[in-house]
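Asks: Dropping in model-v1.txt, which is compact mmCIF, C-alpha atoms:
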```
# COMPACT_ATOMS: atom_id res chain seq x y z
CA MET A 1 -21.52 75.70 90.74
CA GLN A 2 -22.34 79.40 90.52
CA ASN A 3 -18.78 80.12 89.39
CA THR A 4 -19.18 77.58 86.59
CA ILE A 5 -22.47 79.10 85.44
CA ALA A 6 -20.95 82.58 85.60
CA THR A 7 -18.11 81.38 83.37
CA ILE A 8 -20.54 79.82 80.90
CA LYS A 9 -22.59 83.02 80.76
CA SER A 10 -19.41 85.01 80.19
CA ILE A 11 -18.52 82.75 77.24
CA THR A 12 -22.09 82.91 75.90
CA ASN A 13 -22.09 86.71 75.85
CA SER A 14 -18.53 87.00 74.59
CA LYS A 15 -17.82 88.79 71.31
CA TYR A 16 -14.91 86.40 70.81
CA LEU A 17 -17.36 83.53 70.36
CA ASP A 18 -19.03 85.51 67.57
CA ILE A 19 -15.67 85.86 65.84
CA ILE A 20 -14.84 82.18 66.33
CA GLY A 21 -18.12 81.19 64.66
CA VAL A 22 -17.49 83.35 61.59
CA VAL A 23 -13.86 82.20 61.30
CA LEU A 24 -15.01 78.57 61.54
CA VAL A 25 -17.48 78.93 58.67
CA VAL A 26 -15.19 80.94 56.41
CA GLY A 27 -12.17 78.79 57.24
CA VAL A 28 -13.85 75.45 56.55
CA SER A 29 -15.48 76.79 53.37
CA ALA A 30 -12.17 78.15 52.11
CA TYR A 31 -10.26 74.97 52.96
CA LEU A 32 -12.79 72.78 51.11
CA GLU A 33 -13.05 75.38 48.30
CA TYR A 34 -16.80 75.65 48.76
CA TYR A 35 -16.62 79.27 47.60
CA LYS A 36 -16.07 77.92 44.08
CA THR A 37 -19.57 76.39 44.03
CA THR A 38 -21.69 77.85 41.22
CA TYR A 39 -25.25 77.48 40.01
CA ASP A 40 -25.32 77.25 36.23
CA PHE A 41 -28.46 78.23 34.32
CA SER A 42 -29.62 79.46 30.93
CA PHE A 43 -31.67 82.56 30.19
CA ASP A 44 -32.67 84.01 26.82
CA GLY A 45 -30.41 81.57 25.02
CA LYS A 46 -27.32 82.45 27.08
CA ASN A 47 -25.52 80.48 29.79
CA TYR A 48 -24.81 82.06 33.15
CA SER A 49 -23.07 81.05 36.38
CA PHE A 50 -24.26 82.30 39.76
CA TYR A 51 -21.55 82.29 42.46
CA LEU A 52 -23.64 80.35 44.93
CA GLY A 53 -20.72 79.53 47.22
CA TYR A 54 -19.86 83.15 48.01
CA PHE A 55 -23.48 84.11 48.66
CA SER A 56 -24.00 81.03 50.82
CA ILE A 57 -20.97 81.89 52.96
CA LEU A 58 -22.17 85.50 53.35
CA ASN A 59 -25.67 84.30 54.22
CA THR A 60 -24.26 81.86 56.77
CA CYS A 61 -22.27 84.60 58.49
CA LEU A 62 -25.37 86.83 58.71
CA SER A 63 -27.41 83.94 60.08
CA MET A 64 -24.74 83.19 62.65
CA MET A 65 -24.65 86.83 63.73
CA ALA A 66 -28.43 86.79 64.18
CA THR A 67 -28.37 83.62 66.27
CA ARG A 68 -25.59 84.90 68.51
CA LEU A 69 -27.51 88.15 69.13
CA VAL A 70 -30.70 86.22 70.00
CA THR A 71 -28.65 84.11 72.41
CA LYS A 72 -27.65 87.35 74.11
CA LYS A 73 -31.33 88.46 74.14
CA ASN A 74 -30.56 91.24 71.66
CA ASN A 75 -33.66 91.89 69.54
CA ILE A 76 -31.56 93.00 66.55
CA GLY A 77 -30.91 89.28 66.05
CA ASN A 78 -34.59 88.71 65.29
CA LEU A 79 -34.54 91.61 62.85
CA ILE A 80 -31.51 90.18 61.00
CA SER A 81 -33.13 86.73 60.94
CA THR A 82 -36.28 88.23 59.42
CA SER A 83 -34.34 89.99 56.66
CA ASN A 84 -31.97 87.07 56.06
CA THR A 85 -34.72 84.47 55.69
CA LEU A 86 -35.39 85.33 52.04
CA LEU A 87 -31.72 84.90 51.11
CA SER A 88 -31.53 81.62 53.04
CA GLY A 89 -34.63 80.30 51.28
CA SER A 90 -33.30 81.21 47.84
CA ILE A 91 -29.98 79.45 48.47
CA ASP A 92 -31.67 76.34 49.89
CA TYR A 93 -33.97 76.18 46.86
CA LEU A 94 -31.05 76.38 44.41
CA LEU A 95 -29.30 73.59 46.35
CA GLY A 96 -32.31 71.28 45.97
CA ASN A 97 -34.71 72.18 48.81
CA ILE A 98 -37.88 72.47 46.70
CA GLY A 99 -40.03 73.07 49.76
CA ALA A 100 -38.19 76.32 50.47
CA ILE A 101 -40.70 78.15 48.24
CA LEU A 102 -43.47 77.55 50.79
CA THR A 103 -41.63 77.02 54.08
CA TYR A 104 -39.31 80.01 54.29
CA PRO A 105 -42.13 82.59 54.19
CA VAL A 106 -43.43 80.96 57.40
CA SER A 107 -40.02 81.47 59.03
CA PHE A 108 -39.99 85.05 57.75
CA PHE A 109 -43.24 85.99 59.48
CA GLY A 110 -42.36 83.94 62.59
CA ASN A 111 -39.11 85.89 63.07
CA TYR A 112 -40.89 89.17 62.34
CA PHE A 113 -43.53 88.57 65.02
CA ALA A 114 -40.81 87.54 67.49
CA PHE A 115 -39.08 90.85 66.75
CA ARG A 116 -42.32 92.76 67.40
CA ILE A 117 -42.96 90.91 70.69
CA TRP A 118 -39.42 91.45 71.98
CA LYS A 119 -39.78 95.20 71.33
CA LYS A 120 -42.62 95.32 73.88
CA LYS A 121 -41.25 92.97 76.54
CA GLN A 122 -38.66 90.30 77.19
CA TYR A 123 -39.87 87.81 79.79
CA LEU A 124 -38.54 84.27 80.12
CA ASN A 125 -41.45 81.81 80.32
CA ALA A 126 -41.54 78.35 81.89
CA ILE A 127 -42.50 75.50 79.57
CA ASP A 128 -46.31 75.17 79.22
CA THR A 129 -49.03 73.85 76.89
CA ILE A 130 -48.46 76.73 74.45
CA PHE A 131 -44.90 75.51 73.96
CA PHE A 132 -46.05 72.03 72.86
CA ARG A 133 -48.95 73.44 70.83
CA ASN A 134 -46.58 75.59 68.81
CA MET A 135 -44.23 72.66 68.22
CA ALA A 136 -47.11 70.45 67.00
CA ILE A 137 -48.45 73.17 64.70
CA GLY A 138 -44.95 73.80 63.33
CA LEU A 139 -44.31 70.14 62.51
CA LEU A 140 -47.73 69.60 60.90
CA LEU A 141 -47.42 72.80 58.86
CA SER A 142 -43.99 71.79 57.58
CA LEU A 143 -45.10 68.30 56.53
CA VAL A 144 -48.08 69.70 54.63
CA LEU A 145 -46.20 72.54 52.93
CA ASN A 146 -43.25 70.38 51.95
CA TYR A 147 -45.53 67.67 50.57
CA ILE A 148 -47.33 70.27 48.46
CA ALA A 149 -44.00 71.65 47.24
CA PHE A 150 -42.51 68.23 46.43
CA THR A 151 -45.61 67.11 44.52
CA THR A 152 -46.38 70.42 42.79
CA PHE A 153 -43.06 72.04 41.93
CA SER A 154 -41.18 68.94 40.83
CA ASP A 155 -41.82 66.49 38.01
CA LYS A 156 -39.79 63.78 39.77
CA ALA A 157 -41.00 61.16 42.23
CA ILE A 158 -40.59 62.21 45.87
CA ASP A 159 -37.21 61.40 47.34
CA TRP A 160 -38.55 60.46 50.77
CA LYS A 161 -35.14 60.52 52.40
CA LEU A 162 -34.64 64.11 51.25
CA PHE A 163 -38.27 64.97 52.04
CA PHE A 164 -38.02 63.98 55.72
CA ALA A 165 -34.49 65.37 56.01
CA ILE A 166 -35.99 68.72 54.99
CA ALA A 167 -39.54 68.57 56.44
CA VAL A 168 -38.72 67.40 59.97
CA PRO A 169 -36.07 70.05 60.78
CA ALA A 170 -38.24 72.69 59.10
CA GLY A 171 -41.10 71.68 61.42
CA ILE A 172 -38.85 71.90 64.47
CA SER A 173 -37.68 75.28 63.20
CA PHE A 174 -41.28 76.50 62.80
CA GLY A 175 -42.16 75.45 66.33
CA GLY A 176 -38.94 76.92 67.69
CA THR A 177 -39.54 80.19 65.83
CA PHE A 178 -43.15 80.40 67.06
CA ASN A 179 -41.78 79.99 70.60
CA ILE A 180 -39.03 82.63 70.31
CA GLY A 181 -41.46 85.39 71.27
CA ARG A 182 -42.20 83.71 74.62
CA MET A 183 -38.47 83.18 75.33
CA TYR A 184 -38.59 79.64 76.68
CA PRO A 185 -35.17 78.48 77.97
CA ASP A 186 -36.21 74.94 77.00
CA ASN A 187 -36.59 76.10 73.40
CA TRP A 188 -32.81 75.72 73.10
CA ILE A 189 -33.24 71.94 73.39
CA ASN A 190 -35.46 72.03 70.31
CA TRP A 191 -32.84 74.07 68.45
CA GLN A 192 -30.25 71.46 69.41
CA VAL A 193 -32.33 68.73 67.75
CA TYR A 194 -32.92 71.06 64.79
CA ASN A 195 -29.17 71.63 64.44
CA LEU A 196 -28.54 67.89 64.26
CA PHE A 197 -31.12 67.45 61.50
CA LYS A 198 -29.73 70.44 59.61
CA ILE A 199 -26.24 68.97 59.70
CA ILE A 200 -27.60 65.80 58.07
CA GLN A 201 -29.63 67.83 55.55
CA ASN A 202 -26.73 70.06 54.53
CA VAL A 203 -24.40 67.10 54.13
CA ILE A 204 -26.96 65.67 51.69
CA LEU A 205 -27.24 69.05 49.91
CA MET A 206 -23.43 69.48 50.03
CA ASN A 207 -23.73 72.92 51.61
CA ILE A 208 -20.39 72.98 53.46
CA ALA A 209 -20.81 76.50 54.86
CA ASN A 210 -24.11 75.61 56.52
CA THR A 211 -22.75 72.29 57.82
CA ALA A 212 -19.96 74.12 59.66
CA LYS A 213 -22.46 76.68 60.92
CA TYR A 214 -24.80 74.13 62.47
CA VAL A 215 -21.93 72.30 64.15
CA PHE A 216 -21.13 75.60 65.84
CA TYR A 217 -24.82 76.13 66.63
CA MET A 218 -24.96 72.84 68.55
CA PHE A 219 -22.34 74.23 70.91
CA ASN A 220 -24.08 77.61 71.08
CA ALA A 221 -27.46 75.98 71.92
CA ILE A 222 -25.95 74.31 74.98
CA LEU A 223 -24.60 77.64 76.19
CA GLY A 224 -27.91 79.35 75.44
CA TYR A 225 -29.89 76.78 77.42
CA ILE A 226 -27.68 77.02 80.51
CA THR A 227 -27.60 80.83 80.39
CA TRP A 228 -31.34 81.33 79.85
CA LYS A 229 -32.20 78.69 82.47
CA ASP A 230 -30.13 80.53 85.06
CA ASP A 231 -31.64 83.88 84.07
CA LYS A 232 -35.14 82.38 84.40
CA ALA A 233 -34.35 81.19 87.94
CA LYS A 234 -33.16 84.69 88.92
CA GLN A 235 -36.26 86.22 87.33
CA LEU A 236 -38.57 84.53 89.85
```
Rewrite the structure from the file as structure tokens, please.
Replies:
Amino acid sequence: MQNTIATIKSITNSKYLDIIGVVLVVGVSAYLEYYKTTYDFSFDGKNYSFYLGYFSILNTCLSMMATRLVTKKNNIGNLISTSNTLLSGSIDYLLGNIGAILTYPVSFFGNYFAFRIWKKKQYLNAIDTIFFRNMAIGLLLSLVLNYIAFTTFSDKAIDWKLFFAIAVPAGISFGGTFNIGRMYPDNWINWQVYNLFKIIQNVILMNIANTAKYVFYMFNAILGYITWKDDKAKQL
């Protein structure tokens, strides 16, 4: 059993897995020609095209790098996530996630505080009431903010399927982000659920780069859970 865990931890911390994740995203996006995706808009009487596909692929690679570093308990991952949140929010908004205007700033500050906490100490905590409190606050906050965004920033009736496809994973993300600072091994289970919702959401939004990314994240979350759980046992 210990040999199996040692192998899993070796895979989790491997640089090759980082490369595989990036190749997966870029490869799938190139094969499906997602890089050709543009966002067309008018300004000052002129028509413009923003190369949304290229920026989305770049953003996805940065996000994947951040997640892999966090999995390895490298605090630079939290720093990249903090910086990358604004780009992620902008892309999601252009793809139809109206709630991104209000929800992504929450993720920005959540990742920033996690970065600050990890600079002082890195201690793996067992699941407790704070874990569930943060998850409840995250879900409630997401539902409220997304409802405000959908009713305030859009002149269309709420698409409830899209609303819940966006609000629920955002709430799980908030709770998961709030819990990053305390480094719960069980937090990886929440990210696994979040990844599943994000796959559904990005299929609806037709964001192929992100869909491939979250498929990879589901695998990474399993590795992260096993690795952190074993590290927590050795910490005692």
Asks: Fewer than 6 positions away in the same chain doesn't count, so skip those; otherwise give me all residues within 12 Å of Pro169 (chain A), counting only C-alpha atoms, as a PyMOL selection string.
Replies: chain A and resi 103+135+138-143+146+162-163+175-177+190-202
Asks: Go through A:Ala165, A:Gly110, A:Gly181, A:Trp118 and flag the residue nearest Asn75 (chain A), using all atoms listed in the file for the distances.
Replies: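 Between A:Ala165, A:Gly110, A:Gly181, A:Trp118, the residue approaching Asn75 (chain A) most closely is A:Trp118.
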Asks: Region 77-83 of chain A: which residues within 12 Å, counting all atoms listed in the file, same-chain residues fewer than 3 positions away excluded, as a ChimeraX atom specification?
Replies: /A:59-74,86-89,104-119,177,180-181
Asks: CA of Ser90 (chain A) and CA of Ala149 (chain A) are how many Å apart?
Replies: 14.4 Å
Asks: Please indicate the distance in Å from CA of Thr12 (chain A) to CA of Leu58 (chain A), rounded to one decimal place.
Replies: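 Calculated distance between CA of Thr12 (chain A) and CA of Leu58 (chain A) is 22.7 Å.
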Asks: Can you work out the spacing between CA of Ile127 (chain A) and CA of Asp186 (chain A) in Å, to one decimal?
Replies: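 Between CA of Ile127 (chain A) and CA of Asp186 (chain A) the gap is 6.8 Å.
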Asks: With only C-alpha atoms as the basis for distance, which of A:Ile137, A:Ile208, A:Ile172, A:Leu124 is at the shortest distance from Ala30 (chain A)?
Replies: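 Smallest distance to Ala30 (chain A) is found for A:Ile208.
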Asks: Smallest atom-to-atom distance to Asp18 (chain A): which of A:Phe216, A:Lys36, A:Ser154, A:Ala221, using all atoms listed in the file?
Replies: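 Answer, going by the shortest atom-to-atom distance: A:Phe216.
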Asks: Which of these, A:Phe153, A:Phe41, A:Tyr184, A:Trp228, has the shortest distance to Asn97 (chain A) once you count all atoms listed in the file?
Replies: A:Phe153
Asks: Which is closest to Ile204 (chain A) among A:Phe164, A:Phe150, A:Tyr54, A:Tyr217, if we use all atoms listed in the file?
Replies: A:Phe164
Asks: Restricting the calculation to only C-alpha atoms, which member of A:Gln235, A:Asn207, A:Asn220, A:Asn3 is positioned closest to Gly96 (chain A)?
Replies: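 Closest to Gly96 (chain A) of all the choices is A:Asn207.
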